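Student: First, the structure itself, so that you have it in front of you.
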Amino acid sequence: MFQDKRAFKNDFLAKLQAMSGKSLEESTAFDKYMAVGGMIRDYISKKWVKTNDRYLEEDVKQVYYFSLEFLLGRLLGSNLLNLGFTEVCRESLVELGIDLNELENAEADAGLGNGGLGRLAACFLDSMASLGIPGHGCGIRYRYGFFEQRIVDGYQVELPDNWLRDGNVWEVRKPDKAVEIRFYGVVREEISKAKTVFVHENYESVLAVPYDTPVIGYGNNTVNTLRLWSAEAVQADFDLSSFSHGNYQKAMEYKYSVEAISQILYPDDNHYKGRELRLKQQYFFVSAGIQSIIRRYKKKNGSLRQLPEKVAIHVNDTHPVLAIPELMRILVDEEEMSWDEAWEITTATISYTNHTILSEAMEKWSTDLFKNLLPRIYMIVYEINERFCRELWDKYPGDWDRIASMAIISDDHIKMAHLAIAGSYSINGVARIHTDILKRQEMKNFFFIYPHKFNNKTNGVTHRRWLMKANPELAALITETIGNGWIDNPAEFIELLKYADDPSFKEQAANVKKRNKTVLVKMIKDKYSIDIDLESIFDVQVKRLHAYKRQLLNVFHIMDLYNRLLETPDLDIAPRTFIFGAKAAPSYFQAKTTIKLINCLAEIINKDKRIMDKIKVVFLENYRVSLAEMIFPAADVSEQISTAGKEASGTGNMKFMLNGAVTIGTMDGANIEIFEKVGPANIFTFGLTAEEVMDYYRSGGYNSHELYQNDHRLKAIIDSLVNGFFPVSAGEFINIYNSLIMHNDEFFVLKDFAAYADTQMKLDKAFRDKGKWLGMSINNIAYAGTFSSDRTIREYAKEIWGVRPLV
Ligand code: 26V
């Protein structure tokens, strides 16, 4: 099939006909993409079965990564890469007059995630498979992924992401492995054989049907599984009995209400809103996942007592934390284990990662809502809370305040993070500073009683997708220079340090960057009709739109630069292109206003002839994984400017670094660890530290209005939000103005502005020294090995899960 070009072409033409029913001439790019996808599926099917058989036969410990989000992006390119078939495929297709890139572009992104947390889950799957670790994903097969963003008159408009419309070549439906999930109803206690048993009655049944997607390891024979669950009605679509009783409408209502569970991905990132459907989604996939794990486990092992020796279940943030009471339910109610034994097993099986400390993101469910939807699970959580509070009481007799603040249930709400901490054996943050903040502040009281549970696992990104796939020319140059050992061992990037001063290597690296910039320039010209100077600094901020990420600070710097250029048109600066990409949560008003502001500013600056094209501003619509793959390789500057203490880690920062961009950033998240690796000469840092921010929050002393009054540059910028400078209705940007001036600038945009603008000037100077800049760029690549998710996953495997690669 893939052994040589002749075999490939034969099989491809046959597959194309079989799948599309069309001739080569008639077929579309999508048909051809499906055909190659079908070939890959056939090719890996044996390896997939074999991988599972070996896991079962050799009875190895397996890890299940539970996540409400998996932001995979496209799979054709990365599957070809991991199988080593990119070249044979590309060349064979050329001989048929077909461009592989065009087929890749025909694939819809699997956008089943909001941002960092979902993309991390996808990088982890790639690393687990590539390291040969028996590890699988478990999540929801959303009918609609993260919304598609259109910019209309500068405003964000959301469209449904109908990613499954034309079918999904990678998934396999497994109806025989479906399980039943129960919602609502009542629980009756009964005495049976001198034991209390709990009978759940009058519940509503939902069928969870799994769709499996292969996760193909790089250059090994491992094919792991991402299992995504879809909700279906239990009865046949047209239930004859209710139909004949005139209950057609009722039957259909039930069907639609069930299907709603896996219909959409909630598009809020870092903002919790206690919606019942969201809780339903959480229990739905967690219960399905645990039931299927137990079923598989029992095939091989008799007693569930050894479960933690064979199974690790990892919960990605608190979203899947119902895994804890669900596992308890199965052990206690179905396996008839004692509570204590069940608790011992559960807390030795489940581990938890925290991804944010923003208080508005902390999940807490109203007990009324919870009890109504999940009556038996509520009873179990209630019991967990009782026992936990008793334990606290023994440690802190009489200290009601402390106990109330740590309780799992308090103020008529269930605190999911507290449940996660009590019910798991490991709790980790995603960068050193983040873990330290958890231990010292947010989870201080828990750290005090369970110090052994807390640990750090600094995030990473897969260098296969984010370098080899996204930036093949840079990957080839690195291999030419230091050999290909870095592919299996990204720490070897460090060998590049020897070439950081090598003029010929530098020139080649510069040429690669230039070609990548050319690709982006062409896309921008074609799509937005904006002319970009190839020699300009490509200064990029791509991430979710959120006040704490401070896209506003970036905007203020651009406005200031513009003002200065108007005063001094021949201002001595390198030309710059400011590139943004960001989606705002549909209900996040200020974030949407910020998008409008960026687009208004772009409009003004890009058409102002007076500044002689010194600066341009581009807002790239619909930021997503496949667009990111085009952006990172073309970036010169990586904007990582969150308010210190707020960005748990960041992973975009790592993707930029890996592609030779230089960071301008605050001492926040993983920026700190990047700084420690590359050293102060190869990164631009500025602004308040997390401690300083904390001190202001604790003790006051910050007055944004004073800053506004005293800094004439800042005043000019902020005034222009509301003085008619922008051609919008009065009041358009008043909420931004108010958040800064009337509500004392919660994220310290004004406070960090001067330091940011100064640092940007230093960056400008460094960029104009071409040799120096290239050295910085190369240093960044050289130190990027640490931030490969292979390093991260090895740490999880060894220090949390206790799983080993199967070789
Ligand atoms: C939270 C919530 C809260 C409830 C409502 C829906 C919803 C949806 C998503 C989230 C996730 C927010 C947490 C998150 O994405 N954190 C990011 O995780 C990255 C990976 O660890 C990390 O690099 C980013 O710094 C962090 O913001």
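FYI, nothing fancy with the structure tokens labels: chains A, B, ... in order, residues from 1 per chain, ligands from 1 as they appear.
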Please extract the residues at most 8 Å from ligand 1, counting only C-alpha atoms and all ligand atoms, and provide them as a compact mmCIF listing (two decimals) with C-alpha atoms, in the first residue's frame, using the chain letters and residue numbers of this document.

Tutor:
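File produced: pocket_17.txt:
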```txt
# COMPACT_ATOMS: atom_id res chain seq x y z
CA GLY A 113 -11.71 21.95 22.51
CA ASN A 114 -11.57 25.56 23.60
CA GLY A 115 -7.87 26.22 23.81
CA GLY A 116 -4.90 25.29 25.97
CA LEU A 117 -6.45 22.50 27.98
CA GLY A 118 -7.90 20.71 24.94
CA ARG A 119 -4.79 21.10 22.81
CA LEU A 120 -2.63 19.80 25.67
CA TYR A 266 -19.43 24.65 25.54
CA PRO A 267 -17.43 27.57 24.20
CA ASP A 268 -16.54 29.17 27.52
CA ASP A 269 -13.00 28.89 28.53
CA ASN A 270 -12.12 29.78 32.07
CA HIS A 271 -15.65 30.74 32.91
CA TYR A 272 -18.02 28.49 34.78
CA LYS A 273 -21.81 28.78 34.46
CA ASP A 317 -9.21 19.59 35.26
CA HIS A 319 -14.63 18.47 34.39
CA ASN A 354 -5.51 21.70 37.75
CA HIS A 355 -5.27 24.11 34.79
CA THR A 356 -6.36 27.44 36.15
CA GLU A 360 -14.55 32.29 38.03
CA ALA A 361 -13.46 29.01 36.41
CA MET A 362 -13.89 26.91 39.56
CA GLU A 363 -16.71 24.46 39.08
CA GLY A 429 -0.20 22.09 38.37
CA VAL A 430 1.07 22.74 34.84
CA ASN A 459 3.41 21.39 30.15
CA LYS A 646 -2.81 34.37 35.96
CA GLU A 647 -1.63 32.16 33.08
CA ALA A 648 -1.21 28.70 34.54
CA SER A 649 1.38 27.71 31.94
CA GLY A 650 0.72 28.68 28.36
CA THR A 651 1.72 26.30 25.59
CA GLY A 652 1.65 28.69 22.62
CA GLY A 669 3.41 30.49 33.70
```

Student: Out of stretch 96-241 of chain A, which residues get strand (DSSP E) from DSSP, as JSON, numbers by chain?

Tutor: {"A": [110, 111, 112, 135, 136, 137, 138, 139, 140, 145, 146, 147, 148, 149, 150, 151, 152, 155, 156, 157, 158, 159, 160, 161, 172, 173, 179, 180, 181, 182, 183, 186, 187, 188, 189, 190, 191, 192, 195, 196, 197, 198, 199, 200, 201, 204, 205, 206, 207, 208, 209, 210, 211, 212, 213, 214, 215, 216, 223, 224, 225, 226, 227, 228, 229, 230, 231, 232]}

Student: Taking only residues of stretch 256-325 of chain A that have an atom at most 12 Å from an atom of stretch 44-60 of chain A, what is each one's shortest atom pair and its distance in Å to one decimal, using only C-alpha atoms, in chain and number order, as a Markdown table?

Tutor:
```
| residue | atom | partner | partner_atom | distance |
| --- | --- | --- | --- | --- |
| A:Arg296 | CA | A:Leu56 | CA | 8.8 |
| A:Tyr297 | CA | A:Leu56 | CA | 8.9 |
| A:Lys298 | CA | A:Leu56 | CA | 11.0 |
| A:Lys299 | CA | A:Leu56 | CA | 8.9 |
| A:Lys300 | CA | A:Leu56 | CA | 7.3 |
| A:Asn301 | CA | A:Asp59 | CA | 8.9 |
| A:Leu307 | CA | A:Val60 | CA | 11.6 |
| A:Pro308 | CA | A:Val60 | CA | 11.5 |
| A:Glu309 | CA | A:Val60 | CA | 8.8 |
| A:Lys310 | CA | A:Val60 | CA | 6.4 |
| A:Val311 | CA | A:Val60 | CA | 8.7 |
| A:Ala312 | CA | A:Val60 | CA | 11.2 |
```

Student: Would you work out the distance separating atom CA of A:Met559 from atom CA of A:Glu148, expressed in Å to one decimal?

Tutor: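 Separation of atom CA of A:Met559 and atom CA of A:Glu148: 28.7 Å.
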
Student: As an MDAnalysis selection string, please: all residues of stretch 539-612 of chain A that backbone DSSP puts in helix (DSSP H, G or I).

Tutor: chainID A and resid 547:549 551:567 589:607 609:611

Student: Any idea what's packed within 12 Å of A:Lys765, counting only C-alpha atoms, ignoring anything in its chain fewer than 3 positions away? Could you give it as a PyMOL selection string?

Tutor: chain A and resi 537+572-575+684+758-762+768-773

Student: Would you export the selected residues with N, CA and C atoms as a JSON list (two decimals), in the first residue's frame, please?

Tutor:
```
[["chain", "number", "residue", "atom", "x", "y", "z"],
["A", 537, "ILE", "N", 8.91, 42.98, 11.23],
["A", 537, "ILE", "CA", 8.84, 42.07, 12.38],
["A", 537, "ILE", "C", 7.44, 41.47, 12.42],
["A", 572, "ASP", "N", 12.79, 56.11, 13.83],
["A", 572, "ASP", "CA", 13.73, 55.07, 13.44],
["A", 572, "ASP", "C", 13.37, 53.72, 14.07],
["A", 573, "ILE", "N", 12.42, 53.04, 13.47],
["A", 573, "ILE", "CA", 12.06, 51.70, 13.97],
["A", 573, "ILE", "C", 11.96, 50.73, 12.79],
["A", 574, "ALA", "N", 12.12, 49.46, 13.12],
["A", 574, "ALA", "CA", 11.92, 48.44, 12.09],
["A", 574, "ALA", "C", 10.43, 48.37, 11.77],
["A", 575, "PRO", "N", 10.09, 48.18, 10.52],
["A", 575, "PRO", "CA", 8.68, 47.99, 10.21],
["A", 575, "PRO", "C", 8.14, 46.77, 10.97],
["A", 684, "PHE", "N", 12.73, 38.66, 26.14],
["A", 684, "PHE", "CA", 12.45, 40.00, 26.67],
["A", 684, "PHE", "C", 11.37, 39.90, 27.73],
["A", 758, "ASP", "N", 8.82, 50.15, 26.70],
["A", 758, "ASP", "CA", 10.29, 50.25, 26.72],
["A", 758, "ASP", "C", 10.92, 48.96, 26.21],
["A", 759, "THR", "N", 10.37, 47.85, 26.68],
["A", 759, "THR", "CA", 10.93, 46.56, 26.29],
["A", 759, "THR", "C", 10.74, 46.33, 24.79],
["A", 760, "GLN", "N", 9.62, 46.79, 24.27],
["A", 760, "GLN", "CA", 9.41, 46.68, 22.82],
["A", 760, "GLN", "C", 10.46, 47.48, 22.05],
["A", 761, "MET", "N", 10.89, 48.60, 22.61],
["A", 761, "MET", "CA", 11.95, 49.37, 21.94],
["A", 761, "MET", "C", 13.26, 48.59, 21.92],
["A", 762, "LYS", "N", 13.55, 47.91, 23.03],
["A", 762, "LYS", "CA", 14.77, 47.08, 23.07],
["A", 762, "LYS", "C", 14.68, 45.96, 22.05],
["A", 768, "ARG", "N", 16.88, 44.68, 14.64],
["A", 768, "ARG", "CA", 17.60, 45.33, 13.55],
["A", 768, "ARG", "C", 19.05, 44.88, 13.46],
["A", 769, "ASP", "N", 19.56, 44.29, 14.52],
["A", 769, "ASP", "CA", 20.88, 43.66, 14.46],
["A", 769, "ASP", "C", 20.66, 42.21, 14.03],
["A", 770, "LYS", "N", 20.65, 42.00, 12.73],
["A", 770, "LYS", "CA", 20.23, 40.70, 12.16],
["A", 770, "LYS", "C", 20.98, 39.51, 12.76],
["A", 771, "GLY", "N", 22.31, 39.68, 12.88],
["A", 771, "GLY", "CA", 23.11, 38.59, 13.41],
["A", 771, "GLY", "C", 22.71, 38.25, 14.83],
["A", 772, "LYS", "N", 22.52, 39.28, 15.60],
["A", 772, "LYS", "CA", 22.16, 39.08, 17.00],
["A", 772, "LYS", "C", 20.79, 38.39, 17.11],
["A", 773, "TRP", "N", 19.85, 38.88, 16.32],
["A", 773, "TRP", "CA", 18.49, 38.33, 16.38],
["A", 773, "TRP", "C", 18.49, 36.84, 16.02]]
```

Student: Could you work out how far atom CA of A:Ser366 lies from atom CA of A:Ala231, giving the answer in Å with one decimal?

Tutor: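 Going from atom CA of A:Ala231 over to atom CA of A:Ser366, I get 24.1 Å.
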
Student: Counting only C-alpha atoms, which residue out of A:Val197, A:Leu112, A:Val215, A:Val36 sits closest to A:Gly132?

Tutor: A:Val215

Student: Which polymer residues have any atom within 10 Å of an atom of A:Ser720, counting only C-alpha atoms, with same-chain residues fewer than 6 positions away left out, as JSON, numbers by chain?

Tutor: {"A": [559, 714, 726, 733, 737]}

Student: Do you know which residues are at most 10 Å from stretch 404-413 of chain A counting only C-alpha atoms, after dropping those on the same chain fewer than 5 positions away, and could you put them as a ChimeraX atom specification?

Tutor: /A:363-370,381-382,384-386,388-389,392,399,418-422,443,445-446

Student: Grab the residues selected above and save them as a compact mmCIF listing (two decimals), in the first residue's frame with N, CA and C atoms.

Tutor:
```txt
# COMPACT_ATOMS: atom_id res chain seq x y z
N GLU A 363 -15.39 25.06 39.23
CA GLU A 363 -16.71 24.46 39.08
C GLU A 363 -17.34 24.16 40.44
N LYS A 364 -18.55 24.62 40.60
CA LYS A 364 -19.32 24.24 41.78
C LYS A 364 -20.78 24.08 41.36
N TRP A 365 -21.37 22.97 41.77
CA TRP A 365 -22.73 22.67 41.31
C TRP A 365 -23.72 22.82 42.44
N SER A 366 -24.83 23.43 42.13
CA SER A 366 -25.89 23.57 43.12
C SER A 366 -26.36 22.18 43.54
N THR A 367 -26.51 21.97 44.82
CA THR A 367 -26.88 20.63 45.30
C THR A 367 -28.26 20.24 44.77
N ASP A 368 -29.18 21.19 44.64
CA ASP A 368 -30.52 20.86 44.14
C ASP A 368 -30.46 20.30 42.72
N LEU A 369 -29.72 21.02 41.90
CA LEU A 369 -29.60 20.59 40.51
C LEU A 369 -28.93 19.20 40.45
N PHE A 370 -27.89 19.05 41.22
CA PHE A 370 -27.09 17.83 41.22
C PHE A 370 -27.90 16.62 41.70
N VAL A 381 -21.44 11.42 46.96
CA VAL A 381 -20.64 12.63 47.23
C VAL A 381 -20.93 13.11 48.66
N TYR A 382 -22.17 13.00 49.06
CA TYR A 382 -22.56 13.41 50.42
C TYR A 382 -21.77 12.61 51.46
N ILE A 384 -18.92 10.99 50.94
CA ILE A 384 -17.49 11.35 50.84
C ILE A 384 -17.25 12.62 51.67
N ASN A 385 -18.15 13.58 51.53
CA ASN A 385 -18.01 14.84 52.25
C ASN A 385 -18.08 14.62 53.76
N GLU A 386 -19.06 13.80 54.20
CA GLU A 386 -19.20 13.51 55.64
C GLU A 386 -17.89 12.97 56.21
N PHE A 388 -14.90 13.07 54.91
CA PHE A 388 -13.80 14.03 54.76
C PHE A 388 -13.85 15.07 55.88
N CYS A 389 -15.04 15.58 56.15
CA CYS A 389 -15.18 16.60 57.19
C CYS A 389 -14.87 16.03 58.57
N LEU A 392 -11.25 16.03 58.91
CA LEU A 392 -10.79 17.40 59.20
C LEU A 392 -11.06 17.76 60.66
N ASP A 399 -12.37 23.96 64.64
CA ASP A 399 -12.02 25.00 63.66
C ASP A 399 -13.03 25.00 62.51
N HIS A 418 -12.47 20.46 45.37
CA HIS A 418 -12.27 19.81 46.67
C HIS A 418 -12.51 18.30 46.57
N LEU A 419 -13.52 17.94 45.79
CA LEU A 419 -13.78 16.52 45.55
C LEU A 419 -12.57 15.87 44.86
N ALA A 420 -12.01 16.59 43.89
CA ALA A 420 -10.85 16.08 43.16
C ALA A 420 -9.67 15.84 44.10
N ILE A 421 -9.46 16.77 45.02
CA ILE A 421 -8.30 16.65 45.92
C ILE A 421 -8.52 15.50 46.90
N ALA A 422 -9.72 15.41 47.44
CA ALA A 422 -9.98 14.37 48.43
C ALA A 422 -9.94 12.98 47.79
N MET A 443 -4.70 26.31 47.26
CA MET A 443 -4.99 25.01 47.87
C MET A 443 -4.15 24.79 49.12
N ASN A 445 -4.57 24.98 52.34
CA ASN A 445 -5.07 24.12 53.43
C ASN A 445 -5.03 22.65 53.06
N PHE A 446 -5.23 22.38 51.79
CA PHE A 446 -5.18 20.99 51.34
C PHE A 446 -3.73 20.51 51.27
```

Student: Between A:Thr643, A:Ser127, A:Ser626, A:Thr479, which is the closest to A:Gly460 once you count only C-alpha atoms?

Tutor: A:Ser127
